>>> print(open('start_35.txt').read())   # compact mmCIF, C-alpha atoms
# COMPACT_ATOMS: atom_id res chain seq x y z
CA MET A 1 30.20 -45.88 -78.43
CA THR A 2 31.35 -48.64 -76.10
CA ALA A 3 34.40 -46.55 -75.21
CA LEU A 4 32.18 -43.57 -74.25
CA VAL A 5 30.09 -45.75 -71.96
CA ILE A 6 33.21 -47.12 -70.30
CA LEU A 7 34.61 -43.59 -69.80
CA ALA A 8 31.31 -42.46 -68.31
CA LEU A 9 31.30 -45.37 -65.88
CA VAL A 10 34.88 -44.60 -64.87
CA ALA A 11 34.02 -40.92 -64.30
CA LEU A 12 30.98 -41.89 -62.20
CA PHE A 13 33.11 -44.28 -60.13
CA ILE A 14 35.75 -41.59 -59.50
CA GLY A 15 33.04 -39.06 -58.55
CA LEU A 16 31.49 -41.45 -56.03
CA ARG A 17 34.87 -42.08 -54.45
CA LEU A 18 35.58 -38.36 -54.15
CA PHE A 19 32.14 -37.78 -52.56
CA SER A 20 32.66 -40.57 -50.07
CA VAL A 21 36.03 -39.11 -49.01
CA LEU A 22 35.00 -35.44 -48.89
CA GLY A 23 31.78 -36.29 -47.08
CA GLU A 24 33.56 -37.97 -44.19
CA ARG A 25 34.41 -35.93 -41.01
CA THR A 26 38.03 -36.37 -40.01
CA GLY A 27 37.79 -34.42 -36.77
CA HIS A 28 40.04 -31.63 -38.09
CA GLU A 29 37.39 -29.53 -39.82
CA GLN A 30 36.84 -25.90 -38.72
CA THR A 31 33.52 -24.99 -37.20
CA PRO A 32 31.40 -23.34 -39.86
CA LEU A 33 30.69 -19.62 -39.42
CA VAL A 34 27.00 -20.19 -40.02
CA LYS A 35 25.52 -23.09 -38.10
CA ALA A 36 22.91 -25.28 -39.71
CA PRO A 37 19.49 -25.09 -38.07
CA GLU A 38 18.83 -27.68 -35.38
CA ALA A 39 16.33 -30.44 -35.97
CA GLU A 40 14.04 -28.98 -33.28
CA PRO A 41 14.66 -25.26 -32.97
CA ARG A 42 14.72 -23.89 -29.43
CA VAL A 43 12.65 -20.86 -28.52
CA GLU A 44 14.67 -18.57 -26.31
CA GLN A 45 12.75 -16.36 -23.91
CA GLN A 46 13.27 -12.68 -24.59
CA PRO A 47 14.52 -10.74 -21.54
CA ASP A 48 12.03 -8.60 -19.66
CA PRO A 49 13.00 -4.90 -19.90
CA ALA A 50 12.82 -4.78 -16.12
CA ALA A 51 15.28 -7.64 -15.76
CA SER A 52 18.24 -5.36 -16.45
CA ALA A 53 17.04 -3.24 -13.57
CA GLY A 54 16.97 -6.04 -11.06
CA SER A 55 13.70 -7.78 -11.61
CA ALA A 56 13.45 -11.34 -10.59
CA ALA A 57 12.91 -14.99 -10.94
CA LEU A 58 9.91 -17.22 -10.62
CA ASP A 59 10.33 -18.03 -6.95
CA GLU A 60 8.75 -15.25 -4.90
CA GLY A 61 11.62 -15.49 -2.44
CA ASP A 62 13.93 -14.16 -5.18
CA MET A 63 11.53 -11.79 -6.89
CA ALA A 64 11.87 -8.01 -6.91
CA TYR A 65 8.14 -7.55 -7.55
CA VAL A 66 5.01 -9.65 -7.74
CA PRO A 67 3.38 -10.15 -11.17
CA LEU A 68 0.48 -7.82 -10.37
CA ALA A 69 2.96 -4.98 -9.84
CA GLY A 70 4.63 -5.62 -13.20
CA PRO A 71 2.65 -3.12 -15.33
CA GLY A 72 3.26 -0.33 -12.85
CA VAL A 73 6.97 -1.14 -12.57
CA ARG A 74 7.35 -1.21 -16.35
CA ALA A 75 5.52 2.12 -16.67
CA LEU A 76 7.88 3.62 -14.13
CA LEU A 77 10.92 2.21 -15.90
CA ALA A 78 9.71 3.67 -19.19
CA ALA A 79 9.02 7.10 -17.69
CA ASP A 80 12.17 7.30 -15.58
CA PRO A 81 15.24 5.67 -17.18
CA GLY A 82 17.16 6.38 -13.99
CA PHE A 83 14.90 4.15 -11.92
CA ASP A 84 16.56 0.89 -10.93
CA VAL A 85 14.46 -1.81 -9.28
CA ALA A 86 17.31 -3.49 -7.41
CA ARG A 87 18.67 -0.19 -6.13
CA PHE A 88 15.18 0.90 -5.07
CA ILE A 89 14.70 -2.32 -3.09
CA GLU A 90 18.01 -1.84 -1.31
CA GLY A 91 17.11 1.77 -0.54
CA ALA A 92 13.69 0.72 0.76
CA LYS A 93 15.30 -1.84 3.08
CA GLY A 94 17.66 0.83 4.39
CA ALA A 95 14.77 3.24 4.95
CA TYR A 96 12.74 0.53 6.70
CA ARG A 97 15.56 -0.16 9.15
CA MET A 98 16.44 3.50 9.73
CA ILE A 99 12.88 4.73 10.24
CA LEU A 100 11.95 1.88 12.55
CA GLU A 101 15.03 2.36 14.70
CA ARG A 102 14.45 6.11 14.99
CA PHE A 103 10.79 5.53 15.84
CA TRP A 104 11.75 3.05 18.56
CA GLN A 105 14.23 5.58 19.93
CA GLY A 106 11.65 8.36 19.76
CA ASP A 107 13.92 10.47 17.52
CA LEU A 108 11.76 11.29 14.50
CA GLU A 109 13.58 14.48 13.59
CA ALA A 110 16.43 12.42 12.20
CA VAL A 111 14.09 10.95 9.57
CA ARG A 112 11.61 13.81 9.22
CA ALA A 113 12.63 14.50 5.63
CA PHE A 114 11.63 10.97 4.61
CA LEU A 115 8.15 11.00 6.16
CA ASP A 116 4.88 12.32 4.80
CA ASP A 117 3.09 14.65 7.22
CA ASN A 118 0.40 12.10 8.03
CA VAL A 119 2.92 9.34 8.70
CA HIS A 120 5.06 11.66 10.82
CA ASP A 121 2.07 12.76 12.89
CA ALA A 122 0.95 9.17 13.50
CA PHE A 123 4.47 8.15 14.57
CA ALA A 124 4.83 11.25 16.77
CA SER A 125 1.53 10.52 18.51
CA ALA A 126 2.67 6.99 19.31
CA VAL A 127 5.99 8.28 20.64
CA GLU A 128 4.24 10.83 22.88
CA ALA A 129 1.79 8.23 24.20
CA ARG A 130 4.71 5.97 25.04
CA LYS A 131 6.54 8.73 26.87
CA ALA A 132 3.39 9.67 28.79
CA GLN A 133 3.25 6.11 30.15
CA GLY A 134 6.92 6.17 31.07
CA LEU A 135 7.71 3.38 28.61
CA THR A 136 10.63 2.88 26.27
CA LEU A 137 11.21 0.41 23.46
CA ASP A 138 14.31 -1.73 23.32
CA ASN A 139 13.63 -3.30 19.94
CA ARG A 140 16.07 -4.89 17.51
CA LEU A 141 15.62 -5.51 13.81
CA ILE A 142 17.34 -8.87 13.54
CA HIS A 143 16.97 -9.54 9.83
CA ILE A 144 14.92 -8.50 6.81
CA ASP A 145 13.85 -11.80 5.26
CA GLN A 146 12.12 -10.29 2.25
CA ALA A 147 11.50 -6.95 0.59
CA ILE A 148 9.31 -7.19 -2.51
CA ILE A 149 7.31 -4.66 -4.53
CA VAL A 150 3.63 -5.56 -4.31
CA ALA A 151 2.14 -2.53 -6.09
CA ALA A 152 3.36 0.28 -8.31
CA SER A 153 1.62 3.15 -10.08
CA LEU A 154 2.45 6.27 -12.01
CA ASP A 155 0.05 9.23 -12.21
CA ARG A 156 1.65 11.80 -14.50
CA SER A 157 4.96 12.36 -12.70
CA ILE A 158 3.90 11.03 -9.29
CA ALA A 159 5.15 7.49 -8.67
CA GLU A 160 4.02 5.30 -5.80
CA VAL A 161 5.60 1.97 -4.94
CA ALA A 162 4.40 -0.33 -2.15
CA VAL A 163 6.88 -2.75 -0.61
CA ARG A 164 6.12 -5.74 1.57
CA PHE A 165 8.71 -6.37 4.25
CA LYS A 166 9.06 -9.63 6.11
CA ALA A 167 11.40 -9.13 9.03
CA ASP A 168 12.43 -10.72 12.31
CA ILE A 169 12.15 -8.25 15.18
CA ALA A 170 12.98 -8.73 18.84
CA ALA A 171 10.61 -6.42 20.71
CA VAL A 172 10.99 -5.42 24.35
CA THR A 173 9.09 -2.72 26.27
CA ARG A 174 10.61 -1.36 29.46
CA ASP A 175 9.23 0.83 32.22
CA GLY A 176 10.87 3.94 33.62
CA GLU A 177 13.19 1.85 35.78
CA GLY A 178 14.32 -0.30 32.91
CA ASN A 179 12.32 -3.36 33.86
CA VAL A 180 10.93 -5.49 31.05
CA VAL A 181 7.14 -5.22 30.99
CA ALA A 182 6.55 -6.90 27.64
CA GLY A 183 8.44 -8.93 25.06
CA SER A 184 11.75 -10.76 25.11
CA MET A 185 15.08 -10.31 23.40
CA ASP A 186 15.35 -14.09 23.12
CA ASP A 187 12.31 -14.53 20.87
CA ALA A 188 12.25 -12.67 17.57
CA VAL A 189 8.83 -12.24 16.02
CA GLN A 190 8.33 -12.22 12.25
CA THR A 191 6.45 -9.16 11.08
CA ARG A 192 4.85 -8.37 7.73
CA ASP A 193 4.63 -4.69 6.93
CA ARG A 194 3.50 -2.93 3.77
CA TRP A 195 5.08 0.49 3.29
CA THR A 196 4.19 2.80 0.42
CA PHE A 197 6.74 5.26 -0.93
CA ARG A 198 6.08 8.24 -3.21
CA ARG A 199 8.27 10.39 -5.41
CA ASP A 200 7.82 13.04 -8.07
CA ILE A 201 10.04 11.68 -10.84
CA ALA A 202 10.11 15.13 -12.47
CA SER A 203 11.81 16.50 -9.37
CA ALA A 204 15.57 16.74 -8.92
CA ASP A 205 15.14 15.35 -5.40
CA PRO A 206 16.00 11.64 -5.59
CA ASN A 207 14.45 10.78 -2.22
CA TRP A 208 11.30 8.69 -1.84
CA ILE A 209 8.87 9.70 0.91
CA LEU A 210 7.05 7.20 3.12
CA VAL A 211 3.35 8.00 2.74
CA GLU A 212 1.62 4.97 4.25
CA THR A 213 2.32 2.06 6.59
CA ASP A 214 0.18 -1.03 7.13
CA GLU A 215 0.55 -4.36 8.84
CA GLU A 216 -0.24 -7.49 6.84
CA ALA A 217 -1.67 -10.59 8.45
>>> encode(input="start_35.txt", output="structure tokens")
Amino acid sequence: MTALVILALVALFIGLRLFSVLGERTGHEQTPLVKAPEAEPRVEQQPDPAASAGSAALDEGDMAYVPLAGPGVRALLAADPGFDVARFIEGAKGAYRMILERFWQGDLEAVRAFLDDNVHDAFASAVEARKAQGLTLDNRLIHIDQAIIVAASLDRSIAEVAVRFKADIAAVTRDGEGNVVAGSMDDAVQTRDRWTFRRDIASADPNWILVETDEEA
């Protein structure tokens, strides 16, 4: 009986020694394939479906759309898989520059296909009034500081997206002899415009049409 107790104590001693050795980390162990859970699990934010299409961060300066426009943007993304927020913003900036420059030059025919009838007529009236007074515009779009979607909606297949542009524009008005009667090329003025674009997403035509322009204070 005494011998059995002694053997048991020896076995226990050997087991404790093995545990102490195997339990130590030597620095040469391989990383386990399955990691143990952390003491305080982190909650990772799931990506917004719109993020893959160029949606944006928390700072409005880097955002593609304001939060209030989010539901409309997501509805558009769901209805039209080909819609890309970042690409739309870049296209809107290009349209903003092109349409403004053609309006300043009085050459609306070059952008007629991108203008709704009402917008075209309003622009054409302004151009004619300018010509009647013998005035010309020598404006320059210096820089577009921001282009952000502020509203979006989808009615069946008709999508409308409103974009706020903040831009620096040097505006000069000249008379028939080329004399400056208003403005200065040395002082750019920051403007805030809200332009609304429309497109039938069921159509094969990829172009968005400018249907409304407003100035924001």
>>> closest_residue(input="start_35.txt", among="A:Asp80, A:Glu90, A:Asp155, A:Asp117", to="Ala64 of chain A", atoms="all atoms listed in the file")
A:Glu90
>>> closest_residue(input="start_35.txt", among="A:Ala132, A:Met185, A:Ile99, A:Ala167", to="Glu216 of chain A", atoms="all atoms listed in the file")
A:Ala167
>>> closest_residue(input="start_35.txt", among="A:Asp214, A:Ala151, A:Asn207, A:Val163", to="Leu68 of chain A", atoms="only C-alpha atoms")
A:Ala151
>>> atom_distance(input="start_35.txt", atom1="atom CA of Val181 of chain A", atom2="atom CA of Ile144 of chain A")
25.6 Å
>>> atom_distance(input="start_35.txt", atom1="atom CA of Thr136 of chain A", atom2="atom CA of Ser184 of chain A")
13.7 Å
>>> residues_around(input="start_35.txt", residues="Arg102 of chain A", least_positions_apart="6", cutoff="12 Å", atoms="all atoms listed in the file", output="short mmCIF file (atom, residue, chain, number, x, y, z; two decimals) with C-alpha atoms, keeping the file's coordinate frame")
data_model
loop_
_atom_site.label_atom_id
_atom_site.label_comp_id
_atom_site.auth_asym_id
_atom_site.auth_seq_id
_atom_site.Cartn_x
_atom_site.Cartn_y
_atom_site.Cartn_z
CA ALA A 95 14.77 3.24 4.95
CA TYR A 96 12.74 0.53 6.70
CA LEU A 108 11.76 11.29 14.50
CA GLU A 109 13.58 14.48 13.59
CA ALA A 110 16.43 12.42 12.20
CA VAL A 111 14.09 10.95 9.57
CA ARG A 112 11.61 13.81 9.22
CA PHE A 114 11.63 10.97 4.61
CA LEU A 115 8.15 11.00 6.16
CA HIS A 120 5.06 11.66 10.82
CA PHE A 123 4.47 8.15 14.57
CA ALA A 124 4.83 11.25 16.77
CA VAL A 127 5.99 8.28 20.64
CA LEU A 137 11.21 0.41 23.46
CA ASP A 138 14.31 -1.73 23.32
CA ASN A 139 13.63 -3.30 19.94
CA ARG A 140 16.07 -4.89 17.51
CA LEU A 141 15.62 -5.51 13.81
#
>>> atom_distance(input="start_35.txt", atom1="atom CA of Val211 of chain A", atom2="atom CA of Ala69 of chain A")
18.1 Å
>>> closest_residue(input="start_35.txt", among="A:Asp205, A:Asp145, A:Asp200, A:Glu212", to="Lys93 of chain A", atoms="all atoms listed in the file")
A:Asp145
>>> build_atoms(input="start_35.txt", residues="segment 173-206 of chain A", atoms="N, CA and C atoms", output="PDB file, in the frame of the given file")
ATOM      1  N   THR A 173       9.559  -3.978  25.697  1.00  0.00           N
ATOM      2  CA  THR A 173       9.090  -2.720  26.270  1.00  0.00           C
ATOM      3  C   THR A 173       9.534  -2.660  27.729  1.00  0.00           C
ATOM      4  N   ARG A 174      10.130  -1.529  28.092  1.00  0.00           N
ATOM      5  CA  ARG A 174      10.610  -1.360  29.460  1.00  0.00           C
ATOM      6  C   ARG A 174       9.898  -0.191  30.135  1.00  0.00           C
ATOM      7  N   ASP A 175       9.825  -0.268  31.466  1.00  0.00           N
ATOM      8  CA  ASP A 175       9.230   0.830  32.220  1.00  0.00           C
ATOM      9  C   ASP A 175      10.307   1.862  32.553  1.00  0.00           C
ATOM     10  N   GLY A 176       9.933   2.866  33.313  1.00  0.00           N
ATOM     11  CA  GLY A 176      10.870   3.940  33.620  1.00  0.00           C
ATOM     12  C   GLY A 176      12.101   3.496  34.370  1.00  0.00           C
ATOM     13  N   GLU A 177      12.041   2.367  35.030  1.00  0.00           N
ATOM     14  CA  GLU A 177      13.190   1.850  35.780  1.00  0.00           C
ATOM     15  C   GLU A 177      13.993   0.825  34.988  1.00  0.00           C
ATOM     16  N   GLY A 178      13.583   0.619  33.765  1.00  0.00           N
ATOM     17  CA  GLY A 178      14.320  -0.300  32.910  1.00  0.00           C
ATOM     18  C   GLY A 178      13.889  -1.739  32.997  1.00  0.00           C
ATOM     19  N   ASN A 179      12.826  -1.991  33.751  1.00  0.00           N
ATOM     20  CA  ASN A 179      12.320  -3.360  33.860  1.00  0.00           C
ATOM     21  C   ASN A 179      11.527  -3.754  32.624  1.00  0.00           C
ATOM     22  N   VAL A 180      11.669  -4.996  32.206  1.00  0.00           N
ATOM     23  CA  VAL A 180      10.930  -5.490  31.050  1.00  0.00           C
ATOM     24  C   VAL A 180       9.467  -5.707  31.446  1.00  0.00           C
ATOM     25  N   VAL A 181       8.567  -5.049  30.721  1.00  0.00           N
ATOM     26  CA  VAL A 181       7.140  -5.220  30.990  1.00  0.00           C
ATOM     27  C   VAL A 181       6.446  -5.990  29.868  1.00  0.00           C
ATOM     28  N   ALA A 182       7.120  -6.138  28.755  1.00  0.00           N
ATOM     29  CA  ALA A 182       6.550  -6.900  27.640  1.00  0.00           C
ATOM     30  C   ALA A 182       7.662  -7.300  26.681  1.00  0.00           C
ATOM     31  N   GLY A 183       7.492  -8.474  26.071  1.00  0.00           N
ATOM     32  CA  GLY A 183       8.440  -8.930  25.060  1.00  0.00           C
ATOM     33  C   GLY A 183       9.659  -9.616  25.622  1.00  0.00           C
ATOM     34  N   SER A 184      10.527 -10.053  24.736  1.00  0.00           N
ATOM     35  CA  SER A 184      11.750 -10.760  25.110  1.00  0.00           C
ATOM     36  C   SER A 184      12.777 -10.614  24.004  1.00  0.00           C
ATOM     37  N   MET A 185      14.019 -10.400  24.390  1.00  0.00           N
ATOM     38  CA  MET A 185      15.080 -10.310  23.400  1.00  0.00           C
ATOM     39  C   MET A 185      15.479 -11.683  22.872  1.00  0.00           C
ATOM     40  N   ASP A 186      14.997 -12.731  23.533  1.00  0.00           N
ATOM     41  CA  ASP A 186      15.350 -14.090  23.120  1.00  0.00           C
ATOM     42  C   ASP A 186      14.435 -14.636  22.023  1.00  0.00           C
ATOM     43  N   ASP A 187      13.286 -14.026  21.845  1.00  0.00           N
ATOM     44  CA  ASP A 187      12.310 -14.530  20.870  1.00  0.00           C
ATOM     45  C   ASP A 187      11.991 -13.452  19.844  1.00  0.00           C
ATOM     46  N   ALA A 188      12.560 -13.602  18.660  1.00  0.00           N
ATOM     47  CA  ALA A 188      12.250 -12.670  17.570  1.00  0.00           C
ATOM     48  C   ALA A 188      10.916 -13.038  16.955  1.00  0.00           C
ATOM     49  N   VAL A 189      10.139 -12.045  16.623  1.00  0.00           N
ATOM     50  CA  VAL A 189       8.830 -12.240  16.020  1.00  0.00           C
ATOM     51  C   VAL A 189       8.893 -11.800  14.560  1.00  0.00           C
ATOM     52  N   GLN A 190       8.337 -12.617  13.659  1.00  0.00           N
ATOM     53  CA  GLN A 190       8.330 -12.220  12.250  1.00  0.00           C
ATOM     54  C   GLN A 190       7.164 -11.271  11.999  1.00  0.00           C
ATOM     55  N   THR A 191       7.463 -10.156  11.399  1.00  0.00           N
ATOM     56  CA  THR A 191       6.450  -9.160  11.080  1.00  0.00           C
ATOM     57  C   THR A 191       6.298  -9.051   9.567  1.00  0.00           C
ATOM     58  N   ARG A 192       5.129  -8.622   9.149  1.00  0.00           N
ATOM     59  CA  ARG A 192       4.850  -8.370   7.730  1.00  0.00           C
ATOM     60  C   ARG A 192       4.267  -6.971   7.622  1.00  0.00           C
ATOM     61  N   ASP A 193       5.052  -6.076   7.084  1.00  0.00           N
ATOM     62  CA  ASP A 193       4.630  -4.690   6.930  1.00  0.00           C
ATOM     63  C   ASP A 193       4.565  -4.324   5.456  1.00  0.00           C
ATOM     64  N   ARG A 194       3.623  -3.453   5.140  1.00  0.00           N
ATOM     65  CA  ARG A 194       3.500  -2.930   3.770  1.00  0.00           C
ATOM     66  C   ARG A 194       3.681  -1.414   3.855  1.00  0.00           C
ATOM     67  N   TRP A 195       4.774  -0.940   3.282  1.00  0.00           N
ATOM     68  CA  TRP A 195       5.080   0.490   3.290  1.00  0.00           C
ATOM     69  C   TRP A 195       4.986   1.022   1.863  1.00  0.00           C
ATOM     70  N   THR A 196       4.361   2.184   1.735  1.00  0.00           N
ATOM     71  CA  THR A 196       4.190   2.800   0.420  1.00  0.00           C
ATOM     72  C   THR A 196       5.046   4.065   0.342  1.00  0.00           C
ATOM     73  N   PHE A 197       5.846   4.129  -0.720  1.00  0.00           N
ATOM     74  CA  PHE A 197       6.740   5.260  -0.930  1.00  0.00           C
ATOM     75  C   PHE A 197       6.275   6.056  -2.159  1.00  0.00           C
ATOM     76  N   ARG A 198       6.516   7.364  -2.105  1.00  0.00           N
ATOM     77  CA  ARG A 198       6.080   8.240  -3.210  1.00  0.00           C
ATOM     78  C   ARG A 198       7.228   9.154  -3.612  1.00  0.00           C
ATOM     79  N   ARG A 199       7.252   9.451  -4.900  1.00  0.00           N
ATOM     80  CA  ARG A 199       8.270  10.390  -5.410  1.00  0.00           C
ATOM     81  C   ARG A 199       7.755  11.049  -6.678  1.00  0.00           C
ATOM     82  N   ASP A 200       8.075  12.332  -6.831  1.00  0.00           N
ATOM     83  CA  ASP A 200       7.820  13.040  -8.070  1.00  0.00           C
ATOM     84  C   ASP A 200       9.033  12.833  -8.958  1.00  0.00           C
ATOM     85  N   ILE A 201       8.886  12.025 -10.012  1.00  0.00           N
ATOM     86  CA  ILE A 201      10.040  11.680 -10.840  1.00  0.00           C
ATOM     87  C   ILE A 201      10.511  12.856 -11.688  1.00  0.00           C
ATOM     88  N   ALA A 202       9.686  13.925 -11.736  1.00  0.00           N
ATOM     89  CA  ALA A 202      10.110  15.130 -12.470  1.00  0.00           C
ATOM     90  C   ALA A 202      10.966  16.027 -11.588  1.00  0.00           C
ATOM     91  N   SER A 203      11.043  15.686 -10.306  1.00  0.00           N
ATOM     92  CA  SER A 203      11.810  16.500  -9.370  1.00  0.00           C
ATOM     93  C   SER A 203      13.277  16.086  -9.372  1.00  0.00           C
ATOM     94  N   ALA A 204      14.146  17.049  -9.036  1.00  0.00           N
ATOM     95  CA  ALA A 204      15.570  16.740  -8.920  1.00  0.00           C
ATOM     96  C   ALA A 204      15.885  16.023  -7.619  1.00  0.00           C
ATOM     97  N   ASP A 205      14.950  16.031  -6.682  1.00  0.00           N
ATOM     98  CA  ASP A 205      15.140  15.350  -5.400  1.00  0.00           C
ATOM     99  C   ASP A 205      15.012  13.850  -5.617  1.00  0.00           C
ATOM    100  N   PRO A 206      16.053  13.078  -5.336  1.00  0.00           N
ATOM    101  CA  PRO A 206      16.000  11.640  -5.590  1.00  0.00           C
ATOM    102  C   PRO A 206      15.310  10.847  -4.478  1.00  0.00           C
TER     103      PRO A 206
END
